[in-house]
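Accompanying notes for the structure given below.
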Amino acid sequence: MIEGLQHILDKDIVVSTVNADDLLRTPDRVDNAYEHHAATFIPLGEIGDYTQRFFKLVKAARTPKGMLVAPYGYGKTSTLIFLWHECQARGLLAVPPFYCASLLDILKATYAWVRYKLERREPNLVAELEKAYSKYTAATVEAMAERYSEEHGVAKLTAVNMLNELLVEGALMLELTPANLLLFFDEILPIVLEAGFTGLAIFPDEFQQYISKGANLRKVIQQFREFVWGLGTRQAKLGVIFSVPSYTEGGIQSQGGDILDRLKGDGLYHNLSDIYTQEFPARLWERYTEAFHLGEVASQVMDAYTLRAIGQIAEREDLGRGPRTVIDAFKCAILHFQDHGMPYTPVDLIDDFLYSKIHFEAQANKLRTVTRQALESQAVDTADKQRAIKLMAAFPRGCPVEVQRAYGLYDAINALSKPGHGELMTHLIEGYTLLGLQRAEGPTHVVDIMTTEFWRDYEEDELHVEAAQRTFMNRLLPRLFQARRGAATIGWSNLEFTLSATGSYVALIEGSFNTQYPKRNLALQVAYQADQLQKDIAYADFQFDFLLEWGPNQPHEAAGTLALSDRTVRFHLNLRRKVGEAIPDDIRKLQDFVNPEYVTPLLMLGLIDYFDHWEEQEGRLIPDKDRDELNHLINRLLTNSIQLLFNTELRFTCEPPLQRVGDRMVEEVFNRKCRELFPDYHTFYVQAQYQTVLNDYLQALRDLTLKQRRGNAPLKGDKDSLARRFGLTSVATFENRARSDYQHLMTIVEWKGNEGELCLKLHPLEELILERLRKSPDQRVYNGFNVPILPADSVAEMARALGYRDEETLFALQLLAARGYIRTDTEARLIYLVTVSPDPRELRARLDKLGDDLKAIPVKLIEPDRLKGFQTALAGIEGRFSFDLGDEELDELQSRVTDLDREITQAIAVTRSQWQEALNGLVYEIERTIIALRQSDLLDREITGQMGFVMHLNELRLRLLDGRKRLRVAYEKLKQELLESQARRGEDVIRDTVALYQDVMASQNQLAELEQQRNTFEEQCTDLGKWVKVLRDADNLFNALARLPDLRDQLTGQVEPEIRANFVRRRLEALEDWEQFAAKIEAIETELEKRRTYGNEIFGQAKEEYEKFLRDIEVRDFRPRTRYTYGEDEESYRDLYEEVRSKIAGRLDEIRQDLEQLNVDLLKARYIQATTGEQEKTVRQTEKQWQEADRNLRHLRSALNVALIQKAGDELPQYCALLKTVATSTQEMRRALGPVLYAEHELTGEEEWTLQAFGSRDEVDLADLFVQLRRTGQEIELDGLMRTLESLYRKNRVMVRVRRRG
Amino acid sequence: MSEFIRRLNAIKTRWDPAWLTPSQQQCLIELQAALRVPGSVNLFGKHGVGKTFLAWVLARESDLIYFPHLALLEQAENTNADGVIIDNCLPGRIEHREVLKLLRFRGIKRSILITTELIHDYTYQSELILTPADLQKVRDNLETVGIYVDAFAEGWDLWRLLNPFLRQGASAL
């Protein structure tokens, strides 16, 4: 066996798609398996370009997306595997095609494969991938755990752990949103690129599982949409190609056509079945020859005719399965070649079909069936004829003559054609083929089965008539009596048939075919036996009977009949009417399954009923892909049934003949019947919104005079106002309404330019009712008069007979009442004929009132000219009035009075709003005032003070408080009156407005008075405030005058009594006098101040003197700080003296310290210091000087006292002079001793190196010094050192301190 | 139950390929022809028509390994065989595809999948039926091993033949 042929034999026909778990658990096996398959895939058609385009778009970061569509078995998975393989070869990280039933599958599969690839290329990136995967699966686990914990009351952490366990076990399916999936891609794509791949490609296969397995199709489609849209918004090196079977494409199209459009946008939307044409096997064999190096063997295995035959069979869904059939046939051809060494012929091909070597998919194979049937024919009586049958079977498009000759079967085919043409075989354009194999339109497999099953059991019996009757009621009649849409007048209510006592089915419906006869009540009756029909079905205007005639005696050619009687339309419909010689094209398919002789409405309607109940009876579902076709067939069957039943001959069976056939026939009959039964009917249901239209008319009547309402006087005016009368703003709309909807209620007399003239009229029903009423013999007393009456029921009955609905009758009565012709007694259900006109007394009263109103209107309320106009108009009306006027004149006058009243009211209403505002302003102002009056610290708190007149102030305060209260009350009252006036709102606008005006004016006056009072009050409060200040000042002054009795007496003895006397005398008015008394108090203050200033000056002078002394005696802080307090002179001066004394004492202390120190220095100089003779002399002299200084100092100390300072005089200067002398002496002594104490002495050698031994130290321990000296080589003894130190001490070169140890 | 075990053991120890009924022989030819090329074949037929016995014969006569259930193949770690026979498979398309995937992953190129109704997928199919002639052959076969059965009507279930107490459609396996 040539290796290339073996490859073809080894090729898998069915490629099973792996799922995400396979990619996770055994990616290497998937890799091997798919690589193996890809190795033998030969791309045909546009697949090569498609792959290239996809790769380019991924590389260009265009995020391409697309879809492969084809029926089952047409190589979607194989093509995806090929794409995957090619993408891998070009450096993409391509996820192999995987079974995709959810978005989570896409996530898992992508993760699994990326991990697999990364583990082999860049293992260090795996952790990052894991992180991304965990994040997005964790997110869904989080969300689920939260829901779970809420629902079941468990801790969220517990729920998370539980769900994770289930996830690991595979018992949990997570949900993933499209957004999260896209984010996952965003995260892993950089990882993929970093690993060195040029992009990422994903191939979700069997995507119909995702679409069809979703619980909610709409939600699933929406998720898909979001995902596709999300891809479209990205610019990533990522590409996704979905694959779905053809029927799923239809399903997506219905709810998500935009998604498919989007998928087509990148040019990657491909229907694979386009590839699999008749030429496909030849092209594939050619490629195989090339790919597997078959060479000449290829043509030895099979020839071009056989390849063509395979193509013709494989391209037909009802005969083959596309590429699978082709591969199968190739395998059979190779095996045949292997076994026999002979080329594989079309006859061999058919043999393999017959012996199931080329298999089909679990359903009946038409090729096999038809071929076997043909072979069993008696005409096929030779081997050549058998082969001829098989040869024709191999070419469903027709076997060309050249092929017939090539296989030596031309004669055999010709021989068969005579007996077999039309029985066994048929001639198509290309040649003969078996009858039954030519391509036919129409329903697909399930429908074939259903039809076949129906036909198998079909008889023209009562069972099938009932089935046909069901379809007639449930499907056919609803097509004739189509449902009403919304509030439309055309259309019918739902047909709901119920079984009657006689065995017929009856439905009562309401609606119409015709806008002129809306809301008709029809009874529809369907029966298949005449005795089942009921006569005169109640509540219906008339009835349609449909008698379905079917018995064996019913001739097929009978057209049926139509009988019209009083209130019945009876159709005798022939269920057995045949379609004629040929089945119509649109249902020609039926002849494949049923005998055309039996194609009648009975069969067609019965078949529809069978379709309708098949699922229920068989317990099976009709596949989605067949449902549309089925519905299409049903519609065509119905159409044909209607045409047969309501045929053209039928229309001639009534007189006069009908014009229409089919479904319009019933409508025509209906219209004819309506015209016949209701010739005088003029509908009120003029349009869908008839209630609004009629109400607008009724409303318009209210504002018209009696004459106008009754049509005895026209309505004239500009078109806008006319339209507005009838509730419309558009003139065009009103004109339209007048001409159509109101055609029975008004006439347009004139309609030119901007002006129009209309004349109302009574509706025909109104006329009729009025006429009947006027002629009624029954009478009753009404308002003292005998008036004719009619029972409401009789009116309704009369109207019904004419075709009116009760609602219309009611409206007619409303119109008559509005026009003033009738009154109704709803309790007694009677209608009265009355005249309705205004009471002249009432009109007189109105005129009088209007006159009074006009007189009452103040000038300010309305413009004088306008007021005059109103008065003139009123006078005009009064001039015409008389108690003897007729109804219509009175009505007209009343109308004019009403108009005048309305005009005045409107004019007043305008000013009313202005006065209303004014009133509101007043109220607001008063409220503000009241608030201001509420608070006052001054009045609300008791005034306290030392002065006696404080009690007067408090008394006045209380009076003012009282005054405030009264004011507030007055304001509140005024406000209340205004509010009441505001709330007053009667029906009489004029009087109300006048009253409002008067109230406002009165209130303004009152308010002005109150304002005046308030101003006075405010002034008094201000004065009181001033008086409180006066009191404060007086109190302060009183306290300040504690040491100035004369001034104090002035205050308390003169001024204060005056104040009190003034208050007693003038009471509240005394408040005004605060100023004069304030001045008096101020005068005392001024005097006080004057005195204070003088005292201050004197004191200051004394301080200056003392300062001089202190400076003189060199006191450091020589400036006295004592302050002068007016009224406390003695204390002030005493303090000053004491301060000076203290400073002098301090100076004495300083000098004492100096002397002490000098004494010490003297001792040192005398007994310690090394001195010369001269120096000793100096020392002795200084001692003497010291003693004297000491004596003087003692003296000074003893002489120092306050009296000395206080006296000043000469004693103090003398004292200070002596002090200076002592200080000077002290300084002199210091100067004298200085040279003695700090004389320079020559140092001996010992003294020198002893000092050197100190080094840098200022202090040194004796022992250390001794040691130091010894170390430096001085041979010195302690005694010697002591002596040296003493000498240094005496020379003032060292200091000696002695410290006790311990 | 002991009678059933006795009968089953008798058959298992002493059966012969010549025991194949005419229908089984026809099927065998079809199966062998189909397995000339790598691929999968669906042997289907009603319960008790003799599919399992045919599978036993085929397993012995060829290098195919017989698995009473798919689960046993899934549990087997290595299957060094050119092909397998898997009994009691499910006829659904999805289940069929899962089996094909498993076979591909295991590198098993040839397989016979036995079902009670034909698999709803694109695959070779061979139907086994039980005719009166087949029933007579079975009776004759059983007599050679000392199992005597009463005459039975067409449509009899061979499993019930061995164990009359089995409910209709139940397999002794």
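Ordering of the structure tokens sets the chain letters (A, B, ...); residue numbers start at 1 within each chain; ligands are numbered from 1 in the order shown.
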
Mind the document's chain letters and residue numbers, and return as a VMD selection string the residues of range 77-276 of chain A that DSSP labels helix (DSSP H, G or I).
chain A and resid 77 to 89 103 to 121 123 to 152 156 to 169 178 to 194 208 to 213 217 to 232 246 to 264 272 to 274

Please identify all residues of chain A having at least one atom at most 8 Å from any atom of chain B, considering only C-alpha atoms, and return them as a list in words.
Leu9, Asp10, Lys11, Asp12, Val14, Val15, Ser16, Thr17, Val18, Arg29, Val30, Ala33, Gly73, Lys331, Ser356, Lys357, Ile358, His359, Phe360, Glu361 and Ala362 of chain A

File dump, residues just selected, all heavy atoms, as a compact mmCIF listing (two decimals), in the first residue's frame:
# COMPACT_ATOMS: atom_id res chain seq x y z
N LEU A 9 -6.43 6.52 4.59
CA LEU A 9 -7.20 5.51 5.32
C LEU A 9 -7.21 5.78 6.82
O LEU A 9 -8.19 5.52 7.52
CB LEU A 9 -6.60 4.11 5.07
CG LEU A 9 -6.90 3.49 3.71
CD1 LEU A 9 -6.24 2.12 3.61
CD2 LEU A 9 -8.40 3.36 3.48
N ASP A 10 -6.08 6.30 7.29
CA ASP A 10 -5.96 6.54 8.73
C ASP A 10 -6.70 7.79 9.19
O ASP A 10 -6.84 8.05 10.37
CB ASP A 10 -4.48 6.69 9.12
CG ASP A 10 -3.75 5.37 9.07
OD1 ASP A 10 -4.45 4.33 9.03
OD2 ASP A 10 -2.51 5.36 9.06
N LYS A 11 -7.15 8.54 8.24
CA LYS A 11 -7.73 9.83 8.61
C LYS A 11 -9.02 9.64 9.41
O LYS A 11 -9.89 8.84 9.05
CB LYS A 11 -8.03 10.62 7.34
CG LYS A 11 -8.39 12.06 7.62
CD LYS A 11 -8.28 12.90 6.39
CE LYS A 11 -8.75 14.32 6.68
NZ LYS A 11 -8.07 14.90 7.83
N ASP A 12 -9.14 10.40 10.49
CA ASP A 12 -10.36 10.34 11.30
C ASP A 12 -11.46 11.09 10.59
O ASP A 12 -11.28 12.23 10.17
CB ASP A 12 -10.12 11.00 12.66
CG ASP A 12 -9.23 10.17 13.54
OD1 ASP A 12 -9.42 8.93 13.54
OD2 ASP A 12 -8.34 10.73 14.20
N VAL A 14 -14.48 11.50 12.12
CA VAL A 14 -15.12 12.28 13.18
C VAL A 14 -14.03 12.74 14.13
O VAL A 14 -13.25 11.94 14.62
CB VAL A 14 -16.15 11.42 13.94
CG1 VAL A 14 -16.69 12.17 15.15
CG2 VAL A 14 -17.29 11.04 13.01
N VAL A 15 -13.94 14.02 14.33
CA VAL A 15 -12.98 14.58 15.28
C VAL A 15 -13.74 15.02 16.52
O VAL A 15 -14.64 15.87 16.44
CB VAL A 15 -12.26 15.81 14.69
CG1 VAL A 15 -11.23 16.33 15.66
CG2 VAL A 15 -11.64 15.45 13.37
N SER A 16 -13.41 14.39 17.61
CA SER A 16 -14.12 14.80 18.82
C SER A 16 -13.35 15.95 19.46
O SER A 16 -12.13 15.94 19.56
CB SER A 16 -14.24 13.64 19.80
OG SER A 16 -13.00 13.00 19.92
N THR A 17 -14.11 16.91 19.87
CA THR A 17 -13.51 18.09 20.46
C THR A 17 -13.18 17.82 21.93
O THR A 17 -13.99 17.26 22.65
CB THR A 17 -14.52 19.26 20.38
OG1 THR A 17 -14.98 19.35 19.04
CG2 THR A 17 -13.89 20.56 20.80
N VAL A 18 -12.00 18.27 22.33
CA VAL A 18 -11.63 18.12 23.75
C VAL A 18 -12.35 19.21 24.55
O VAL A 18 -12.86 20.17 23.98
CB VAL A 18 -10.10 18.25 23.92
CG1 VAL A 18 -9.40 17.19 23.10
CG2 VAL A 18 -9.62 19.63 23.58
N ARG A 29 -1.50 14.95 25.46
CA ARG A 29 -2.27 14.03 24.61
C ARG A 29 -3.09 14.81 23.60
O ARG A 29 -3.21 14.41 22.43
CB ARG A 29 -3.21 13.20 25.47
CG ARG A 29 -2.49 12.13 26.25
CD ARG A 29 -3.47 11.20 26.89
NE ARG A 29 -2.79 10.12 27.59
CZ ARG A 29 -3.39 9.18 28.30
NH1 ARG A 29 -4.71 9.19 28.40
NH2 ARG A 29 -2.71 8.25 28.90
N VAL A 30 -3.62 15.90 24.07
CA VAL A 30 -4.40 16.74 23.15
C VAL A 30 -3.49 17.24 22.04
O VAL A 30 -3.85 17.21 20.85
CB VAL A 30 -5.02 17.92 23.91
CG1 VAL A 30 -5.69 18.91 22.95
CG2 VAL A 30 -6.03 17.44 24.95
N ALA A 33 -2.75 14.41 19.65
CA ALA A 33 -3.92 14.00 18.88
C ALA A 33 -4.26 15.03 17.81
O ALA A 33 -4.50 14.69 16.65
CB ALA A 33 -5.11 13.81 19.83
N GLY A 73 -20.76 17.97 10.68
CA GLY A 73 -19.98 17.11 9.81
C GLY A 73 -19.32 17.82 8.65
O GLY A 73 -18.73 17.16 7.80
N LYS A 331 -12.03 6.43 1.31
CA LYS A 331 -11.53 5.23 1.99
C LYS A 331 -12.02 3.97 1.27
O LYS A 331 -11.26 3.02 1.04
CB LYS A 331 -11.98 5.20 3.44
CG LYS A 331 -11.32 6.24 4.30
CD LYS A 331 -11.65 6.02 5.77
CE LYS A 331 -10.99 7.07 6.61
NZ LYS A 331 -11.09 6.82 8.04
N SER A 356 -24.00 -0.02 3.33
CA SER A 356 -23.66 0.78 4.52
C SER A 356 -22.17 0.90 4.76
O SER A 356 -21.74 1.14 5.89
CB SER A 356 -24.31 0.16 5.77
OG SER A 356 -25.70 0.11 5.61
N LYS A 357 -21.41 0.71 3.71
CA LYS A 357 -19.98 0.95 3.90
C LYS A 357 -19.69 2.44 3.93
O LYS A 357 -18.70 2.89 4.50
CB LYS A 357 -19.19 0.28 2.78
CG LYS A 357 -19.20 -1.23 2.88
CD LYS A 357 -18.37 -1.84 1.79
CE LYS A 357 -18.46 -3.36 1.88
NZ LYS A 357 -17.76 -3.99 0.76
N ILE A 358 -20.54 3.15 3.25
CA ILE A 358 -20.49 4.61 3.42
C ILE A 358 -21.72 4.93 4.26
O ILE A 358 -22.85 4.65 3.86
CB ILE A 358 -20.56 5.33 2.08
CG1 ILE A 358 -19.32 4.98 1.26
CG2 ILE A 358 -20.64 6.85 2.30
CD1 ILE A 358 -19.34 5.56 -0.14
N HIS A 359 -21.46 5.44 5.46
CA HIS A 359 -22.58 5.51 6.38
C HIS A 359 -23.15 6.91 6.48
O HIS A 359 -22.59 7.86 5.94
CB HIS A 359 -22.15 5.01 7.75
CG HIS A 359 -20.92 5.70 8.26
ND1 HIS A 359 -19.67 5.27 7.92
CD2 HIS A 359 -20.77 6.75 9.06
CE1 HIS A 359 -18.78 6.05 8.52
NE2 HIS A 359 -19.42 6.96 9.21
N PHE A 360 -24.23 6.93 7.18
CA PHE A 360 -24.97 8.20 7.32
C PHE A 360 -25.14 8.48 8.80
O PHE A 360 -24.52 7.85 9.62
CB PHE A 360 -26.32 8.06 6.61
CG PHE A 360 -26.88 9.37 6.16
CD1 PHE A 360 -26.22 10.13 5.19
CD2 PHE A 360 -28.04 9.87 6.70
CE1 PHE A 360 -26.72 11.34 4.79
CE2 PHE A 360 -28.55 11.09 6.29
CZ PHE A 360 -27.90 11.82 5.33
N GLU A 361 -25.91 9.40 9.09
CA GLU A 361 -25.96 9.78 10.50
C GLU A 361 -27.29 9.42 11.12
O GLU A 361 -28.14 10.28 11.32
CB GLU A 361 -25.73 11.27 10.63
CG GLU A 361 -25.48 11.72 12.06
CD GLU A 361 -25.09 13.18 12.13
OE1 GLU A 361 -24.15 13.57 11.43
OE2 GLU A 361 -25.74 13.91 12.86
N ALA A 362 -27.40 8.20 11.39
CA ALA A 362 -28.48 7.72 12.27
C ALA A 362 -29.87 7.99 11.71
O ALA A 362 -30.83 7.87 12.43
CB ALA A 362 -28.37 8.36 13.64

Neighbour list for Ser243 in chain A as a PyMOL selection string, cut-off 6 Å, only C-alpha atoms, skip fewer than 6 positions in-chain
chain A and resi 67-69+205-207

Write the residues of the preceding selection, restricted to all heavy atoms, as a short mmCIF file (atom, residue, chain, number, x, y, z; two decimals), in the first residue's frame.
data_model
loop_
_atom_site.label_atom_id
_atom_site.label_comp_id
_atom_site.auth_asym_id
_atom_site.auth_seq_id
_atom_site.Cartn_x
_atom_site.Cartn_y
_atom_site.Cartn_z
N MET A 67 -16.15 33.73 13.06
CA MET A 67 -16.97 32.55 13.31
C MET A 67 -16.93 31.64 12.09
O MET A 67 -16.94 32.12 10.95
CB MET A 67 -18.40 33.01 13.59
CG MET A 67 -19.30 31.91 14.08
SD MET A 67 -20.89 32.54 14.63
CE MET A 67 -20.63 32.68 16.37
N LEU A 68 -16.86 30.36 12.38
CA LEU A 68 -17.01 29.36 11.31
C LEU A 68 -18.37 28.70 11.48
O LEU A 68 -18.71 28.24 12.56
CB LEU A 68 -15.91 28.28 11.42
CG LEU A 68 -14.48 28.73 11.14
CD1 LEU A 68 -13.53 27.56 11.31
CD2 LEU A 68 -14.36 29.28 9.73
N VAL A 69 -19.11 28.69 10.40
CA VAL A 69 -20.46 28.14 10.45
C VAL A 69 -20.57 27.04 9.41
O VAL A 69 -20.06 27.19 8.31
CB VAL A 69 -21.50 29.24 10.13
CG1 VAL A 69 -22.91 28.67 10.20
CG2 VAL A 69 -21.36 30.40 11.09
N ASP A 205 -14.95 25.82 20.34
CA ASP A 205 -15.68 24.97 19.40
C ASP A 205 -17.01 24.56 20.02
O ASP A 205 -17.20 24.67 21.23
CB ASP A 205 -14.81 23.73 19.11
CG ASP A 205 -15.28 22.97 17.88
OD1 ASP A 205 -16.11 23.52 17.11
OD2 ASP A 205 -14.83 21.83 17.67
N GLU A 206 -17.88 24.04 19.17
CA GLU A 206 -19.21 23.60 19.62
C GLU A 206 -19.87 24.70 20.45
O GLU A 206 -20.48 24.44 21.48
CB GLU A 206 -19.09 22.31 20.46
CG GLU A 206 -18.36 21.18 19.77
CD GLU A 206 -19.31 20.21 19.08
OE1 GLU A 206 -20.53 20.46 19.08
OE2 GLU A 206 -18.84 19.23 18.52
N PHE A 207 -19.75 25.91 19.98
CA PHE A 207 -20.20 27.07 20.75
C PHE A 207 -21.72 27.09 20.91
O PHE A 207 -22.26 27.82 21.72
CB PHE A 207 -19.70 28.36 20.10
CG PHE A 207 -19.74 29.56 21.01
CD1 PHE A 207 -18.96 29.61 22.15
CD2 PHE A 207 -20.57 30.63 20.73
CE1 PHE A 207 -19.01 30.70 23.00
CE2 PHE A 207 -20.62 31.73 21.55
CZ PHE A 207 -19.83 31.77 22.70
#

Which residues are close to Glu797 in chain A, i.e. within 10 Å by only C-alpha atoms, leaving aside same-chain residues fewer than 6 positions away? Reply as a PDB file with N, CA and C atoms, in the first residue's frame.
ATOM      1  N   GLY A 803     -78.734  49.161  14.844  1.00  0.00           N
ATOM      2  CA  GLY A 803     -77.300  48.823  14.814  1.00  0.00           C
ATOM      3  C   GLY A 803     -76.464  49.578  15.813  1.00  0.00           C
ATOM      4  N   TYR A 804     -77.097  50.403  16.644  1.00  0.00           N
ATOM      5  CA  TYR A 804     -76.328  51.182  17.616  1.00  0.00           C
ATOM      6  C   TYR A 804     -76.061  50.351  18.860  1.00  0.00           C
ATOM      7  N   ARG A 805     -74.886  50.596  19.410  1.00  0.00           N
ATOM      8  CA  ARG A 805     -74.554  49.990  20.686  1.00  0.00           C
ATOM      9  C   ARG A 805     -75.156  50.871  21.774  1.00  0.00           C
ATOM     10  N   ASP A 806     -75.340  50.298  22.943  1.00  0.00           N
ATOM     11  CA  ASP A 806     -75.934  51.043  24.051  1.00  0.00           C
ATOM     12  C   ASP A 806     -75.121  52.271  24.407  1.00  0.00           C
ATOM     13  N   THR A 809     -76.141  55.007  22.185  1.00  0.00           N
ATOM     14  CA  THR A 809     -77.465  55.516  22.561  1.00  0.00           C
ATOM     15  C   THR A 809     -77.327  56.462  23.747  1.00  0.00           C
TER      16      THR A 809
END

What parts of range 47-134 of chain B does DSSP call strand (DSSP E or B)? I'd like the answer as a list in words.
Leu64, Ile65, Tyr66, Phe67, Gly83, Val84, Ile85, Ile86, Arg110, Ser111, Ile112, Leu113, Ile114, Thr115, Tyr124, Gln125, Ser126 and Glu127 of chain B

Expected file contents, prior selection, N, CA and C atoms, as an mmCIF file, in the first residue's frame:
data_model
loop_
_atom_site.group_PDB
_atom_site.id
_atom_site.type_symbol
_atom_site.label_atom_id
_atom_site.label_comp_id
_atom_site.auth_asym_id
_atom_site.auth_seq_id
_atom_site.Cartn_x
_atom_site.Cartn_y
_atom_site.Cartn_z
ATOM 1 N N LEU B 64 -8.431 -7.539 19.507
ATOM 2 C CA LEU B 64 -9.203 -6.508 20.195
ATOM 3 C C LEU B 64 -9.420 -6.927 21.644
ATOM 4 N N ILE B 65 -9.438 -5.958 22.524
ATOM 5 C CA ILE B 65 -9.649 -6.255 23.944
ATOM 6 C C ILE B 65 -11.086 -5.898 24.281
ATOM 7 N N TYR B 66 -11.720 -6.794 24.987
ATOM 8 C CA TYR B 66 -13.123 -6.578 25.348
ATOM 9 C C TYR B 66 -13.221 -5.911 26.707
ATOM 10 N N PHE B 67 -14.017 -4.815 26.774
ATOM 11 C CA PHE B 67 -14.300 -4.158 28.049
ATOM 12 C C PHE B 67 -15.817 -4.172 28.252
ATOM 13 N N GLY B 83 -6.886 -2.457 19.262
ATOM 14 C CA GLY B 83 -8.267 -2.027 19.286
ATOM 15 C C GLY B 83 -8.986 -2.540 20.506
ATOM 16 N N VAL B 84 -10.160 -1.987 20.702
ATOM 17 C CA VAL B 84 -10.956 -2.370 21.860
ATOM 18 C C VAL B 84 -12.397 -2.604 21.439
ATOM 19 N N ILE B 85 -13.072 -3.386 22.269
ATOM 20 C CA ILE B 85 -14.518 -3.515 22.136
ATOM 21 C C ILE B 85 -15.094 -3.028 23.458
ATOM 22 N N ILE B 86 -15.967 -2.074 23.374
ATOM 23 C CA ILE B 86 -16.541 -1.523 24.613
ATOM 24 C C ILE B 86 -18.026 -1.820 24.598
ATOM 25 N N ARG B 110 -8.645 1.368 16.607
ATOM 26 C CA ARG B 110 -9.831 0.658 16.150
ATOM 27 C C ARG B 110 -10.713 0.364 17.352
ATOM 28 N N SER B 111 -12.012 0.475 17.136
ATOM 29 C CA SER B 111 -12.899 0.206 18.266
ATOM 30 C C SER B 111 -14.253 -0.221 17.767
ATOM 31 N N ILE B 112 -14.885 -1.074 18.593
ATOM 32 C CA ILE B 112 -16.272 -1.437 18.357
ATOM 33 C C ILE B 112 -17.032 -0.988 19.591
ATOM 34 N N LEU B 113 -18.059 -0.183 19.344
ATOM 35 C CA LEU B 113 -18.851 0.329 20.449
ATOM 36 C C LEU B 113 -20.216 -0.343 20.375
ATOM 37 N N ILE B 114 -20.587 -1.016 21.451
ATOM 38 C CA ILE B 114 -21.821 -1.804 21.449
ATOM 39 C C ILE B 114 -22.913 -1.019 22.170
ATOM 40 N N THR B 115 -24.054 -0.850 21.488
ATOM 41 C CA THR B 115 -25.178 -0.116 22.077
ATOM 42 C C THR B 115 -26.478 -0.845 21.780
ATOM 43 N N TYR B 124 -19.688 4.165 11.400
ATOM 44 C CA TYR B 124 -20.112 2.906 10.797
ATOM 45 C C TYR B 124 -21.067 2.192 11.744
ATOM 46 N N GLN B 125 -22.064 1.582 11.153
ATOM 47 C CA GLN B 125 -23.038 0.909 12.014
ATOM 48 C C GLN B 125 -23.336 -0.486 11.475
ATOM 49 N N SER B 126 -23.489 -1.378 12.396
ATOM 50 C CA SER B 126 -23.872 -2.740 12.024
ATOM 51 C C SER B 126 -24.927 -3.183 13.023
ATOM 52 N N GLU B 127 -26.053 -3.577 12.453
ATOM 53 C CA GLU B 127 -27.146 -3.966 13.342
ATOM 54 C C GLU B 127 -27.229 -5.475 13.471
#

Got a sec: who's within 8 Å of Gln699 in chain A, counting only C-alpha atoms, leaving out chain neighbours fewer than 4 positions off, as a VMD selection string?
chain A and resid 695 703 726

At a cut-off of 9 Å, using only C-alpha atoms, what residues contact Lys775 in chain A? Leave out same-chain residues fewer than 4 positions from it and give the result as number ranges by chain.
A: 770-771, 788

Using only C-alpha atoms, find the one residue out of B:Ser62, B:Gln32, B:Gln24, B:Asn88 that sits nearest to Leu128 in chain B.
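Nearest to Leu128 in chain B: B:Gln24.
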
How many Å lie between CA of Phe353 in chain A and CA of Trp285 in chain A, rounded to one decimal?
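Result for CA of Phe353 in chain A versus CA of Trp285 in chain A: 19.8 Å, one decimal.
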
What does the distance from CA of Val1028 in chain A to CA of Val950 in chain A come to in Å, to one decimal?
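Going from CA of Val1028 in chain A over to CA of Val950 in chain A covers 8.3 Å.
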
What is the CA of Thr40 in chain A-CA of His7 in chain A distance in Å, reported with one decimal?
7.2 Å
